[in-house]
Structures are given as structure tokens and as C-alpha cells.
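These notes are about the structure you will find just below.
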Amino acid sequence: MLARTLAALCLLAAVPAMAQDAPRTETVHFAKGTSSKTIKGSIKGYASVNYKVGVAAGQTLKVDFKPTNASAYFNITAPGADAALFVGSTSGASATVKIPSSGDYTVQVYLMRNAARRNETAAYTLTIAAR
């Protein structure tokens, strides 16, 4: 009986997480002869977008973010990492990161929980450069 109760509680605890939208993933390709790209997009509620950017060790990844909603931010995460290299909610709307190892880095655009709960929308301009 106790095992069933615990299993039911675990299932109920997982429901809010399943209600959140899975992030959309897009691969960023730079046009021939360029090393940056500007992306215009939007997010709503718990939806987020993961932009994958191939970067070589020693390069600098620069990201500039201009959202229409003050609760919209971005993070930068290395391939396979559990924690972000850059956290926009504490570090701001612009990042310059020296890349330690080659791979596909993720720039995640998201709304903070307070705005996501209210199903708010944020349009944004995101400029990604690798040099």
C-alpha cells in the first residue's frame, strides 16, 4: 500500500513538468564568408528555443539579446554540460565567452517562470557570432 501511495505521489509531482513545452531546437548556420547571424523570433509561456552553434576551441562566442519582455533571457551551455557557462538572468543581455573545447554549444532563449506561468510572449532579436 505504501509503495502504491509513493508511486502515485511521484506521478503527481511530475505532472507540471510534463505540461511544459519541450524546447524547439534550431541549428545556426553562418552564411558563407560571415561569422555572425541575427535571428528574430518569439517565445510564449513555457516554450523555449535551443539554438545549436558549432564553435571551435579557442574561438570567442558572442551573443547579444534584445527581448520585448523584461522576463526573457538566454543561457549558453557547452556540449554535455550540466550547468550553463553563461546565465542571462544574472549576467545580462550580452555575453562574450572564450570557448574551451570544440563542439555544438547551446544558446537557450526562455521566459522566467513568473512570465511563463502567465503565458506571456516575448519577441526578440538574437545576434550570435563566433570568431
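Just remember, in the C-alpha cells the first chain shown is A, the second B, etc., residues are 1-based per chain, and ligands are 1-based in the order shown.
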List the spatial neighbours of range 87-104 of chain A as an MDAnalysis selection string - criterion: any atom at most 8 Å away, only C-alpha atoms, same-chain residues fewer than 3 positions off excluded.
chainID A and resid 52:66 73:76 78:79 84
Near range 34-48 of chain A, counting only C-alpha atoms, which residues have an atom at most 7 Å away, once you skip same-chain residues fewer than 6 positions from it, shown as a ChimeraX atom specification?
/A:20-24,108-111,115-131
DSSP on the backbone: what in chain A comes out alpha helix (DSSP H), as a ChimeraX atom specification?
/A:2-19,88-91,113-117
Sel. of strand (DSSP E) residues, chain A, as JSON, numbers by chain
{"A": [24, 25, 26, 27, 36, 37, 38, 39, 40, 41, 42, 43, 44, 49, 50, 51, 52, 53, 54, 55, 60, 61, 62, 63, 64, 65, 66, 67, 72, 73, 74, 75, 76, 77, 86, 87, 94, 95, 96, 97, 98, 103, 104, 105, 106, 107, 108, 109, 110, 111, 121, 122, 123, 124, 125, 126, 127, 128, 129, 130]}
